[in-house]
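Reproduced below: coords05.cif, with mmCIF, C-alpha atoms and all ligand atoms.
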```cif
data_model
loop_
_atom_site.label_atom_id
_atom_site.label_comp_id
_atom_site.auth_asym_id
_atom_site.auth_seq_id
_atom_site.Cartn_x
_atom_site.Cartn_y
_atom_site.Cartn_z
CA MET A 1 0.00 0.00 0.00
CA GLY A 2 1.08 3.59 -0.49
CA GLY A 3 3.00 2.87 -3.72
CA GLY A 4 2.52 4.65 -7.01
CA PRO A 5 -0.81 5.06 -8.75
CA LEU A 6 -2.37 1.84 -9.98
CA ASP A 7 -2.26 0.94 -13.60
CA TYR A 8 -5.94 1.02 -14.40
CA ARG A 9 -5.59 -1.75 -17.00
CA ASP A 10 -4.73 -4.09 -14.13
CA ARG A 11 -7.72 -3.28 -12.00
CA ASP A 12 -9.08 -6.63 -10.82
CA TYR A 13 -10.03 -8.34 -7.61
CA LYS A 14 -6.57 -7.72 -6.17
CA ASP A 15 -7.28 -4.00 -6.27
CA TYR A 16 -10.67 -4.55 -4.79
CA ASN A 17 -8.96 -6.35 -1.89
CA ALA A 18 -6.51 -3.48 -1.48
CA VAL A 19 -9.40 -1.04 -1.19
CA TYR A 20 -11.08 -3.34 1.27
CA ASP A 21 -7.92 -3.62 3.39
CA ALA A 22 -7.44 0.15 3.47
CA PHE A 23 -11.15 0.59 4.22
CA SER A 24 -10.90 -1.84 7.14
CA GLU A 25 -7.83 -0.16 8.57
CA ILE A 26 -9.35 3.30 8.31
CA SER A 27 -12.64 2.05 9.75
CA ALA A 28 -10.79 0.63 12.74
CA GLY A 29 -9.00 3.96 13.12
CA LEU A 30 -12.39 5.70 13.27
CA GLU A 31 -13.45 3.67 16.31
CA THR A 32 -10.87 5.08 18.71
CA GLU A 33 -11.35 7.65 21.46
CA ALA A 34 -9.25 10.10 19.41
CA MET A 35 -12.13 10.17 16.92
CA ARG A 36 -14.66 11.68 19.35
CA ILE A 37 -17.02 13.61 17.09
CA THR A 38 -18.05 17.24 16.97
CA ASP A 39 -21.35 17.08 15.13
CA THR A 40 -22.21 20.36 13.35
CA HIS A 41 -25.96 19.91 13.01
CA GLU A 42 -28.82 18.08 14.76
CA HIS A 43 -32.53 18.59 15.47
CA LEU A 44 -32.58 16.08 18.32
CA ARG A 45 -35.87 16.30 20.18
CA PRO A 46 -36.14 17.38 23.84
CA ASP A 47 -36.13 14.77 26.63
CA ASP A 48 -39.91 14.31 26.97
CA PHE A 49 -40.17 13.21 23.33
CA TYR A 50 -38.80 9.81 24.34
CA GLN A 51 -41.49 9.09 26.97
CA ASP A 52 -43.76 7.22 24.55
CA ILE A 53 -41.13 6.14 22.03
CA ASP A 54 -41.55 2.96 19.99
CA LEU A 55 -40.50 1.74 16.55
CA GLU A 56 -43.32 3.55 14.78
CA LYS A 57 -42.38 6.85 16.45
CA VAL A 58 -38.71 6.36 15.50
CA LEU A 59 -39.73 5.80 11.86
CA LYS A 60 -42.20 8.72 11.82
CA ASN A 61 -39.48 11.03 13.15
CA SER A 62 -36.89 9.92 10.63
CA TYR A 63 -36.25 10.67 6.96
CA VAL A 64 -37.98 7.38 6.15
CA ASP A 65 -41.14 9.41 6.71
CA TRP A 66 -40.08 11.54 3.72
CA CYS A 67 -40.39 8.56 1.37
CA GLY A 68 -44.05 9.34 0.81
CA VAL A 69 -45.29 5.96 2.06
CA GLU A 70 -47.93 5.95 4.75
CA LEU A 71 -47.90 3.27 7.42
CA LYS A 72 -51.58 2.40 7.23
CA GLY A 73 -52.17 0.83 10.63
CA SER A 74 -50.36 -1.42 13.08
CA ASP A 75 -51.42 -4.77 11.66
CA ARG A 76 -49.06 -7.22 9.99
CA ALA A 77 -50.17 -6.50 6.43
CA ALA A 78 -49.81 -2.72 6.78
CA ARG A 79 -46.32 -3.05 8.20
CA ALA A 80 -45.21 -5.56 5.54
CA GLN A 81 -46.54 -3.31 2.79
CA PHE A 82 -44.75 -0.27 4.24
CA LEU A 83 -41.40 -2.06 4.64
CA GLU A 84 -41.54 -3.55 1.15
CA LYS A 85 -41.78 -0.06 -0.35
CA VAL A 86 -39.05 1.71 1.64
CA ARG A 87 -36.54 -1.04 2.30
CA VAL A 88 -33.94 -0.08 -0.33
CA ASN A 89 -34.10 3.67 0.30
CA SER A 90 -30.87 5.03 1.79
CA TYR A 91 -32.58 6.70 4.76
CA PHE A 92 -34.05 3.32 5.71
CA ARG A 93 -30.81 1.35 5.24
CA TRP A 94 -28.85 3.53 7.71
CA LEU A 95 -31.64 3.62 10.26
CA LEU A 96 -31.82 -0.17 10.01
CA ARG A 97 -28.06 -0.48 10.61
CA SER A 98 -28.46 1.65 13.73
CA LEU A 99 -31.42 -0.32 15.08
CA GLN A 100 -29.58 -3.61 14.51
CA GLN A 101 -26.62 -2.45 16.59
CA LEU A 102 -28.58 -0.66 19.30
CA TYR A 103 -31.29 -3.26 19.79
CA GLY A 104 -29.42 -6.47 18.98
CA PHE A 105 -30.81 -8.13 15.89
CA GLU A 106 -29.55 -9.17 12.50
CA GLY A 107 -31.06 -8.98 9.05
CA GLU A 108 -34.08 -7.06 7.90
CA LEU A 109 -36.81 -5.39 9.85
CA THR A 110 -39.99 -7.35 9.11
CA ALA A 111 -43.62 -7.51 10.11
CA ASP A 112 -42.59 -10.56 12.18
CA ASN A 113 -39.91 -8.92 14.34
CA TRP A 114 -41.53 -5.45 14.44
CA ASP A 115 -43.22 -5.77 17.85
CA GLU A 116 -40.17 -7.35 19.48
CA ILE A 117 -37.85 -4.55 18.29
CA SER A 118 -40.41 -1.93 19.25
CA ALA A 119 -40.52 -3.43 22.77
CA ARG A 120 -36.72 -3.29 23.01
CA ILE A 121 -36.74 0.39 22.02
CA ARG A 122 -39.36 1.19 24.68
CA ALA A 123 -37.49 -0.82 27.33
CA ALA A 124 -34.16 0.87 26.60
CA HIS A 125 -35.69 4.35 26.88
CA ALA A 126 -37.27 3.47 30.23
CA ASP A 127 -33.83 4.56 31.39
CA PRO A 128 -33.82 8.34 30.71
CA GLY A 129 -30.03 8.14 30.41
CA TRP A 130 -30.22 5.80 27.38
CA LYS A 131 -30.50 8.59 24.78
CA PHE A 132 -27.32 10.20 26.12
CA LYS A 133 -25.57 6.84 26.28
CA VAL A 134 -26.35 6.43 22.58
CA LEU A 135 -24.99 9.90 21.80
CA THR A 136 -21.83 9.79 23.89
CA GLU A 137 -20.93 6.07 23.92
CA LYS A 138 -22.38 4.63 20.68
CA CYS A 139 -22.08 7.71 18.43
CA ARG A 140 -19.04 8.94 20.39
CA ILE A 141 -20.23 12.53 20.00
CA GLY A 142 -18.52 15.00 22.29
CA ARG A 143 -20.57 18.03 21.24
CA ALA A 144 -23.37 18.64 18.77
CA ILE A 145 -24.69 21.91 17.37
CA LEU A 146 -28.44 21.89 17.88
CA ASP A 147 -30.86 23.58 15.47
CA ALA A 148 -34.02 23.63 17.62
CA TYR A 149 -36.18 25.33 14.98
CA TRP A 150 -39.25 24.85 17.21
CA ASP A 151 -37.57 27.29 19.63
CA PRO A 152 -34.60 28.90 17.81
CA GLY A 153 -31.48 29.15 19.95
CA ASN A 154 -32.53 26.50 22.49
CA ASP A 155 -30.13 23.80 23.74
CA ASN A 156 -32.80 21.36 25.05
CA GLY A 157 -31.58 22.16 28.57
CA HIS A 158 -28.33 20.23 27.96
CA PRO A 159 -25.47 22.69 27.51
CA GLU A 160 -23.08 19.88 28.46
CA ILE A 161 -23.58 18.29 25.03
CA PHE A 162 -25.49 20.79 22.84
CA SER A 163 -24.42 24.20 21.53
CA PRO A 164 -27.26 25.99 19.77
CA THR A 165 -27.29 27.46 16.30
CA PHE A 166 -29.74 30.32 15.80
CA ARG A 167 -32.15 29.89 12.90
CA ILE A 168 -32.73 33.20 11.14
CA ASN A 169 -35.51 32.36 8.63
CA MET A 170 -38.24 34.28 10.47
CA PHE A 171 -36.49 37.65 10.07
CA LEU A 172 -37.08 37.61 6.31
CA PHE A 173 -40.82 37.54 7.02
CA GLY A 174 -40.95 40.87 8.86
CA TYR A 175 -42.79 42.53 5.96
CA SER A 176 -46.04 41.52 7.66
CA ARG A 177 -47.08 41.00 11.26
CA LYS A 178 -48.98 37.92 10.09
CA ALA A 179 -46.29 36.24 7.98
CA VAL A 180 -44.41 33.26 9.36
CA ASP A 181 -41.57 31.10 8.05
CA HIS A 182 -42.05 27.44 7.14
CA ASN A 183 -41.60 26.49 10.81
CA GLY A 184 -44.36 28.90 11.85
CA ASN A 185 -41.93 31.34 13.50
CA SER A 186 -42.61 35.10 13.51
CA PRO A 187 -40.06 37.78 14.43
CA PHE A 188 -42.81 39.86 16.05
CA ARG A 189 -43.74 37.04 18.42
CA LEU A 190 -40.08 36.70 19.41
CA ALA A 191 -39.88 40.47 19.96
CA GLU A 192 -42.94 40.27 22.20
CA ARG A 193 -41.30 37.54 24.23
CA TYR A 194 -38.32 39.82 24.80
CA GLY A 195 -40.54 42.89 25.38
CA PHE A 196 -38.75 44.59 22.48
CA GLY A 197 -40.84 47.33 20.83
CA ILE A 198 -40.79 47.44 17.03
CA SER A 199 -42.26 50.67 15.65
CA ASP A 200 -40.47 51.22 12.34
CA PHE A 201 -37.92 49.63 9.99
CA GLU A 202 -35.04 51.06 11.99
CA SER A 203 -36.22 49.37 15.18
CA TYR A 204 -36.93 46.15 13.26
CA LEU A 205 -33.27 45.98 12.20
CA ALA A 206 -32.25 46.83 15.75
CA PHE A 207 -34.35 43.90 16.95
CA ILE A 208 -32.61 41.45 14.58
CA ASP A 209 -29.28 42.65 15.94
CA PHE A 210 -30.59 42.31 19.51
CA ALA A 211 -31.95 38.78 18.90
CA ILE A 212 -28.64 37.60 17.41
CA ARG A 213 -26.73 39.04 20.37
CA LYS A 214 -29.16 37.36 22.79
CA ALA A 215 -28.72 34.01 21.01
CA ARG A 216 -24.96 34.42 21.21
CA GLU A 217 -25.17 35.19 24.92
CA GLY A 218 -27.28 32.04 25.25
CA GLY A 219 -24.45 29.97 23.80
CA ALA A 220 -25.22 30.02 20.06
CA VAL A 221 -22.08 29.31 18.04
CA ALA A 222 -23.57 29.82 14.57
CA LEU A 223 -26.47 31.24 12.60
CA LYS A 224 -28.55 28.88 10.48
CA SER A 225 -30.44 29.57 7.28
CA ALA A 226 -32.96 26.93 6.28
CA LEU A 227 -34.37 29.40 3.78
CA ALA A 228 -34.12 26.85 0.97
CA TYR A 229 -37.42 25.50 2.38
CA ASP A 230 -39.03 28.96 2.16
CA ARG A 231 -37.72 30.47 -1.08
CA GLY A 232 -34.95 30.41 -3.70
CA LEU A 233 -31.40 31.19 -2.61
CA HIS A 234 -30.72 34.12 -4.91
CA PHE A 235 -30.55 37.27 -2.78
CA ASP A 236 -30.34 40.51 -4.77
CA TYR A 237 -28.61 43.51 -3.28
CA VAL A 238 -31.58 45.72 -2.44
CA ALA A 239 -31.43 49.37 -1.34
CA ARG A 240 -32.38 50.02 2.27
CA ASP A 241 -35.13 52.47 1.25
CA ARG A 242 -36.82 49.81 -0.85
CA ALA A 243 -36.94 47.38 2.11
CA ALA A 244 -38.08 50.16 4.46
CA LYS A 245 -40.92 50.99 2.07
CA VAL A 246 -42.11 47.36 2.04
CA PHE A 247 -42.01 47.34 5.85
CA GLU A 248 -44.37 50.34 5.92
CA MET A 249 -46.82 48.87 3.38
CA ASP A 250 -50.08 47.32 4.55
CA ASP A 251 -50.50 43.57 4.03
CA THR A 252 -53.04 43.85 1.20
CA SER A 253 -50.74 45.81 -1.09
CA ILE A 254 -47.55 43.74 -0.70
CA SER A 255 -46.67 41.72 -3.82
CA PRO A 256 -44.50 38.58 -3.95
CA CYS A 257 -41.88 40.82 -5.57
CA ASP A 258 -41.96 43.15 -2.52
CA GLU A 259 -41.66 40.15 -0.17
CA LYS A 260 -38.61 38.91 -2.04
CA ALA A 261 -36.95 42.34 -2.05
CA PHE A 262 -37.55 42.70 1.68
CA GLY A 263 -36.13 39.22 2.37
CA ASP A 264 -33.14 39.89 0.12
CA TYR A 265 -32.26 43.04 2.06
CA ILE A 266 -32.62 41.28 5.42
CA PHE A 267 -30.47 38.32 4.35
CA HIS A 268 -27.62 40.66 3.40
CA PHE A 269 -28.10 42.44 6.74
CA ILE A 270 -27.82 39.08 8.54
CA CYS A 271 -24.66 38.23 6.58
CA GLU A 272 -23.15 41.47 7.92
CA LYS A 273 -24.19 40.60 11.47
CA ALA A 274 -22.70 37.10 11.14
CA ALA A 275 -19.34 38.67 10.28
CA GLU A 276 -19.67 41.32 13.00
CA TYR A 277 -20.31 38.70 15.71
CA GLY A 278 -17.93 36.09 14.29
CA LEU A 279 -20.72 33.53 13.82
CA PRO A 280 -20.42 31.16 10.84
CA LEU A 281 -23.59 31.21 8.70
CA GLN A 282 -24.77 27.64 8.13
CA CYS A 283 -26.74 27.52 4.87
CA HIS A 284 -29.02 24.73 3.76
CA THR A 285 -28.26 24.22 0.06
CA GLY A 286 -29.69 21.71 -2.39
CA LEU A 287 -33.01 19.81 -2.17
CA GLY A 288 -35.61 21.90 -0.23
CA LYS A 289 -37.27 24.09 -2.90
CA ILE A 290 -35.09 22.44 -5.49
CA TRP A 291 -35.93 24.95 -8.25
CA GLY A 292 -33.95 27.57 -6.32
CA SER A 293 -31.58 25.74 -3.98
CA ASN A 294 -28.51 25.38 -6.20
CA PRO A 295 -25.61 26.70 -4.07
CA MET A 296 -24.39 28.75 -7.07
CA ASN A 297 -27.27 31.13 -6.25
CA LEU A 298 -25.25 32.22 -3.21
CA VAL A 299 -22.30 33.57 -5.22
CA PRO A 300 -23.44 37.25 -5.00
CA VAL A 301 -23.68 37.12 -1.17
CA ILE A 302 -20.45 35.12 -0.85
CA GLU A 303 -18.66 37.79 -2.89
CA ARG A 304 -20.34 40.75 -1.23
CA HIS A 305 -19.50 39.53 2.32
CA PRO A 306 -15.92 38.23 2.27
CA GLU A 307 -15.72 38.39 6.09
CA THR A 308 -18.75 36.14 6.52
CA ARG A 309 -18.02 32.43 6.73
CA PHE A 310 -20.62 30.57 4.64
CA VAL A 311 -20.98 26.90 5.53
CA LEU A 312 -22.67 25.09 2.64
CA PHE A 313 -24.76 22.25 4.04
CA HIS A 314 -25.63 18.89 2.51
CA GLY A 315 -23.06 19.15 -0.27
CA GLY A 316 -25.76 21.20 -2.00
CA TYR A 317 -27.08 17.82 -3.14
CA PRO A 318 -27.39 17.12 -6.02
CA TRP A 319 -24.93 19.97 -6.76
CA PHE A 320 -21.87 18.76 -4.84
CA HIS A 321 -19.49 19.62 -7.71
CA GLU A 322 -20.74 23.22 -7.44
CA CYS A 323 -19.93 23.20 -3.71
CA GLY A 324 -16.41 22.02 -4.52
CA GLY A 325 -16.03 24.78 -7.09
CA LEU A 326 -17.16 27.42 -4.59
CA ALA A 327 -14.70 26.19 -1.94
CA HIS A 328 -11.99 26.21 -4.61
CA ASN A 329 -12.63 29.86 -5.44
CA TYR A 330 -13.68 31.48 -2.18
CA LYS A 331 -11.83 31.33 1.09
CA ASN A 332 -14.99 32.23 3.05
CA VAL A 333 -16.77 29.07 1.87
CA TYR A 334 -16.84 25.94 4.04
CA LEU A 335 -18.31 22.58 3.11
CA ASP A 336 -20.35 20.34 5.36
CA LEU A 337 -21.18 16.74 4.56
CA VAL A 338 -24.14 17.02 6.95
CA TRP A 339 -27.05 14.76 5.92
CA LEU A 340 -25.35 13.81 2.64
CA PRO A 341 -24.25 10.26 3.63
CA LEU A 342 -27.86 9.58 4.67
CA ILE A 343 -29.27 10.98 1.41
CA SER A 344 -26.84 9.07 -0.78
CA PRO A 345 -23.67 7.31 0.36
CA SER A 346 -22.54 7.06 -3.29
CA ALA A 347 -22.82 10.83 -3.78
CA ALA A 348 -21.17 11.51 -0.41
CA ARG A 349 -18.21 9.28 -1.29
CA MET A 350 -17.69 11.10 -4.59
CA ALA A 351 -18.23 14.51 -3.02
CA LEU A 352 -15.69 13.96 -0.27
CA SER A 353 -13.14 12.51 -2.65
CA GLU A 354 -13.44 15.55 -4.91
CA TRP A 355 -13.59 18.16 -2.12
CA LEU A 356 -10.34 16.89 -0.57
CA GLU A 357 -8.70 17.67 -3.89
CA VAL A 358 -10.22 21.09 -4.57
CA ALA A 359 -11.09 22.82 -1.27
CA GLN A 360 -8.07 25.08 -0.84
CA THR A 361 -7.14 23.74 2.63
CA ILE A 362 -7.97 20.73 4.79
CA ASP A 363 -9.73 22.81 7.47
CA ARG A 364 -12.81 23.42 5.31
CA ILE A 365 -14.79 20.18 5.53
CA SER A 366 -16.89 18.99 8.46
CA TRP A 367 -19.81 16.69 9.22
CA GLY A 368 -23.19 16.71 10.99
CA GLY A 369 -26.02 14.22 11.38
CA ASP A 370 -29.21 16.29 10.87
CA THR A 371 -31.55 13.95 12.77
CA TRP A 372 -34.43 14.12 15.26
CA THR A 373 -33.83 10.90 17.23
CA VAL A 374 -30.70 9.36 18.74
CA GLU A 375 -31.50 6.21 16.76
CA GLU A 376 -31.23 7.99 13.42
CA CYS A 377 -28.28 10.01 14.73
CA PHE A 378 -26.38 6.75 15.27
CA GLY A 379 -27.36 5.68 11.74
CA ALA A 380 -25.96 8.98 10.46
CA VAL A 381 -22.69 8.35 12.32
CA ILE A 382 -22.42 4.85 10.85
CA ALA A 383 -23.14 6.27 7.37
CA ALA A 384 -20.58 9.06 7.76
CA LYS A 385 -17.83 6.71 8.93
CA HIS A 386 -18.62 4.29 6.11
CA VAL A 387 -18.44 7.02 3.48
CA ILE A 388 -15.35 8.68 4.95
CA ALA A 389 -13.51 5.34 5.15
CA GLN A 390 -14.50 4.54 1.55
CA ALA A 391 -13.37 7.90 0.14
CA LEU A 392 -10.10 7.83 2.08
CA ALA A 393 -9.40 4.19 1.16
CA ASP A 394 -9.82 5.12 -2.52
CA LYS A 395 -7.21 7.83 -2.06
CA VAL A 396 -4.78 5.55 -0.20
CA VAL A 397 -5.01 2.79 -2.81
CA ASP A 398 -4.57 5.33 -5.61
CA GLY A 399 -1.35 6.45 -3.90
CA TYR A 400 -2.79 9.96 -3.40
CA PHE A 401 -1.73 9.97 0.28
CA ASP A 402 -0.90 7.36 2.90
CA LEU A 403 -2.87 5.80 5.74
CA GLU A 404 -1.42 8.11 8.34
CA ILE A 405 -2.67 11.17 6.49
CA ALA A 406 -6.00 9.44 5.86
CA ILE A 407 -6.59 8.98 9.61
CA ASP A 408 -5.59 12.57 10.25
CA VAL A 409 -8.01 13.81 7.59
CA ALA A 410 -10.82 11.76 9.16
CA LYS A 411 -10.12 13.35 12.53
CA ARG A 412 -10.30 16.80 10.97
CA ILE A 413 -13.61 16.11 9.24
CA LEU A 414 -15.23 14.51 12.28
CA ARG A 415 -13.97 16.88 14.95
CA VAL A 416 -11.08 19.30 14.58
CA ASN A 417 -12.44 21.39 11.70
CA ALA A 418 -15.76 21.98 13.47
CA GLU A 419 -14.00 22.84 16.72
CA GLU A 420 -11.94 25.45 14.94
CA LEU A 421 -14.74 26.87 12.77
CA TYR A 422 -17.25 27.22 15.63
CA ARG A 423 -14.61 27.94 18.30
CA LEU A 424 -15.68 24.99 20.42
CA ALA A 425 -12.34 23.66 21.65
ZN ZN B 501 -31.21 20.24 9.36
#
```

Take the structure in the file and write it out as structure tokens.
Ligand SMILES: [Zn+2]
Amino acid sequence: MGGGPLDYRDRDYKDYNAVYDAFSEISAGLETEAMRITDTHEHLRPDDFYQDIDLEKVLKNSYVDWCGVELKGSDRAARAQFLEKVRVNSYFRWLLRSLQQLYGFEGELTADNWDEISARIRAAHADPGWKFKVLTEKCRIGRAILDAYWDPGNDNGHPEIFSPTFRINMFLFGYSRKAVDHNGNSPFRLAERYGFGISDFESYLAFIDFAIRKAREGGAVALKSALAYDRGLHFDYVARDRAAKVFEMDDTSISPCDEKAFGDYIFHFICEKAAEYGLPLQCHTGLGKIWGSNPMNLVPVIERHPETRFVLFHGGYPWFHECGGLAHNYKNVYLDLVWLPLISPSAARMALSEWLEVAQTIDRISWGGDTWTVEECFGAVIAAKHVIAQALADKVVDGYFDLEIAIDVAKRILRVNAEELYRLA
């Protein structure tokens, strides 16, 4: 291993074995204490969520629920029908791997073993410490950045493991007292909670600044835009007067064009605040409203705010080449594999392999799980390690770098880069 590049004409099972050997060695290297993870993104539910947990609740609160298949009842036939439809989907495969390891079974989840596994899940969570055991001992997560969009800036009451990120979507909806973001959050409700009076556009901007400072005081280490679920990611540079005018308009006369202009102005304002307070701006890119979520849409804001650190989430899937190109060209762009190994391990393997080559420096790539339950979080960890070991093994066998560097790179992706970027160490 570690010799020159392979002659591709000779690729045969011997090479396959070499990849497998490197993969195994790297995988083993990922299971040491030195690989304790700093996870850049989770939506893990608060403690009381787990009180009535069972297999159905785990599935309903996982990405398997995004497969568009309804579990039509709790009888054998309904379960069998559901499993038959989702069983090759990537979200399901990784959740299955997690459940196998956490609840001790092999092979597929079936209508026959459903109740037994469900009972094991319930029994394990009878111990309120189980969820944390999964996070700290099974996932080996040292710290996770929590995006509690149901209460932006919250840490679930567990500052010992969670650092909040502050979701900023709602501020783009300040053009109307009635408008809310896709999570149902309104900036005016938040202002009320703080007893902050908003009378004009000036005070509205002052409130955004105040709310970001409050979040930071509460431990927030980043800002988070999930705007790709609300709108397209192209933010024009809009004059302040134009946004102020929209703020003063009454609801009946505001057009979609006015709403966009207002949001555009506010997003640029938030980019400035992110730089001012040294908070990386985590940006959902790809999927979401897929007509407008290509990360290339962010180029104007990336260029306009060179002091703002933009963290492109999810590899911009399916546009992970674009993410690589942006990291190649802009030093204020960071890449995060978050969610990508769950969406598609094949894409994640290719993305990581390419990003290592093109992202100017090794400190630019990190990872997060993006899950609601500790069960799926463990699946995300398994997926990430699998993909990272695969991509690094490819590089080692190609003679691109050696095993020692590969292990070091893994440590950077899983912990060190996030610690540095979010100042967590
Ligand atoms: Zn997320």

Expected selection as a PDB file with C-alpha atoms, in the coordinates of the input for ligand ZN 501 (chain B) within 9 Å, only C-alpha atoms and all ligand atoms:
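So the final result, stored in result_35.pdb, reads:
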```pdb
ATOM      1  CA  HIS A  41     -25.960  19.910  13.010  1.00  0.00           C
ATOM      2  CA  GLU A  42     -28.820  18.080  14.760  1.00  0.00           C
ATOM      3  CA  HIS A  43     -32.530  18.590  15.470  1.00  0.00           C
ATOM      4  CA  ASP A 147     -30.860  23.580  15.470  1.00  0.00           C
ATOM      5  CA  ALA A 226     -32.960  26.930   6.280  1.00  0.00           C
ATOM      6  CA  HIS A 284     -29.020  24.730   3.760  1.00  0.00           C
ATOM      7  CA  PHE A 313     -24.760  22.250   4.040  1.00  0.00           C
ATOM      8  CA  HIS A 314     -25.630  18.890   2.510  1.00  0.00           C
ATOM      9  CA  VAL A 338     -24.140  17.020   6.950  1.00  0.00           C
ATOM     10  CA  TRP A 339     -27.050  14.760   5.920  1.00  0.00           C
ATOM     11  CA  GLY A 368     -23.190  16.710  10.990  1.00  0.00           C
ATOM     12  CA  GLY A 369     -26.020  14.220  11.380  1.00  0.00           C
ATOM     13  CA  ASP A 370     -29.210  16.290  10.870  1.00  0.00           C
ATOM     14  CA  THR A 371     -31.550  13.950  12.770  1.00  0.00           C
TER      15      THR A 371
END
```

Quiz prompt | Sel. within 12 Å of pt (-37.2, -4.6, 12.1), counting all atoms listed in the file, output as a ChimeraX atom specification | solution = /A:54-56,58-59,79-80,82-84,87,92-93,95-121

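We find CA of Leu335 (chain A) and CA of Ala389 (chain A) to be spaced 18.0 Å apart.
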
Practice problem: Skip Pro187 (chain A) itself and residues of its chain fewer than 6 positions away, then list as a ChimeraX atom specification all residues within 12 Å of it, counting all atoms listed in the file. | Solution: /A:151-152,167-181,193-194,196-198,204-205,207-212

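Here CA of Gly286 (chain A) is placed at a distance of 25.9 Å from CA of Asp394 (chain A).
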
Quiz prompt | Test item: residues at most 12 Å from Thr32 (chain A), all atoms listed in the file, excluding those fewer than 4 positions along its chain, as a VMD selection string | solution = chain A and resid 25 to 28 36 to 37 137 to 140 407 410 to 411

Would you output that residue set with C-alpha atoms, as an mmCIF file, in the frame of the given file?
```cif
data_model
loop_
_atom_site.group_PDB
_atom_site.id
_atom_site.type_symbol
_atom_site.label_atom_id
_atom_site.label_comp_id
_atom_site.auth_asym_id
_atom_site.auth_seq_id
_atom_site.Cartn_x
_atom_site.Cartn_y
_atom_site.Cartn_z
ATOM 1 C CA GLU A 25 -7.830 -0.160 8.570
ATOM 2 C CA ILE A 26 -9.350 3.300 8.310
ATOM 3 C CA SER A 27 -12.640 2.050 9.750
ATOM 4 C CA ALA A 28 -10.790 0.630 12.740
ATOM 5 C CA ARG A 36 -14.660 11.680 19.350
ATOM 6 C CA ILE A 37 -17.020 13.610 17.090
ATOM 7 C CA GLU A 137 -20.930 6.070 23.920
ATOM 8 C CA LYS A 138 -22.380 4.630 20.680
ATOM 9 C CA CYS A 139 -22.080 7.710 18.430
ATOM 10 C CA ARG A 140 -19.040 8.940 20.390
ATOM 11 C CA ILE A 407 -6.590 8.980 9.610
ATOM 12 C CA ALA A 410 -10.820 11.760 9.160
ATOM 13 C CA LYS A 411 -10.120 13.350 12.530
#
```

Self-check item: Top pick for closest residue to Val416 (chain A), considering A:Lys260, A:Lys395, A:Lys245, A:Arg364 and counting only C-alpha atoms
Solution: A:Arg364

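Across A:Ser24, A:Ser344, A:Ser353, A:Thr136, the tightest approach to Phe378 (chain A) is made by A:Thr136 when counting all atoms listed in the file.
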
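The coordinates place CA of Ala144 (chain A) at 27.1 Å from CA of Phe269 (chain A).
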
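Nearest-residue note for Ala384 (chain A): choosing from A:Leu30, A:Ala418, A:Cys283, A:Val134, the minimum distance belongs to A:Leu30, counting all atoms listed in the file.
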
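For the choices A:Ala425, A:Met296, A:Cys271, A:Val409, the atom-to-atom distance to Met35 (chain A) is smallest for A:Val409 when using only C-alpha atoms.
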
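Summary of the local environment: counting all atoms listed in the file, residues at most 6 Å from Lys224 (chain A), other than itself and those fewer than 4 positions away along its chain, are A:Phe166, A:Arg167, A:Leu281, A:Gln282.
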
Pick out the residues sitting within 9 Å of Asn294 (chain A), and hand them over as a PDB file with C-alpha atoms, in the coordinates of the input; count only C-alpha atoms, and ignore anything fewer than 3 positions along from it in its own chain.
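The new file selection12.pdb reads:
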```
ATOM      1  CA  GLY A 232     -34.950  30.410  -3.700  1.00  0.00           C
ATOM      2  CA  LEU A 233     -31.400  31.190  -2.610  1.00  0.00           C
ATOM      3  CA  THR A 285     -28.260  24.220   0.060  1.00  0.00           C
ATOM      4  CA  GLY A 286     -29.690  21.710  -2.390  1.00  0.00           C
ATOM      5  CA  LEU A 287     -33.010  19.810  -2.170  1.00  0.00           C
ATOM      6  CA  ILE A 290     -35.090  22.440  -5.490  1.00  0.00           C
ATOM      7  CA  TRP A 291     -35.930  24.950  -8.250  1.00  0.00           C
ATOM      8  CA  ASN A 297     -27.270  31.130  -6.250  1.00  0.00           C
ATOM      9  CA  LEU A 298     -25.250  32.220  -3.210  1.00  0.00           C
ATOM     10  CA  GLY A 316     -25.760  21.200  -2.000  1.00  0.00           C
ATOM     11  CA  TYR A 317     -27.080  17.820  -3.140  1.00  0.00           C
ATOM     12  CA  PRO A 318     -27.390  17.120  -6.020  1.00  0.00           C
ATOM     13  CA  TRP A 319     -24.930  19.970  -6.760  1.00  0.00           C
ATOM     14  CA  GLU A 322     -20.740  23.220  -7.440  1.00  0.00           C
TER      15      GLU A 322
END
```

Quiz item: Which residues come within 9 Å of region 60-68 of chain A, counting all atoms listed in the file, excluding same-chain residues fewer than 6 positions away, as a VMD selection string?
Solution: chain A and resid 85 to 86 89 to 92 95 342 to 343 371 to 373 375 to 376
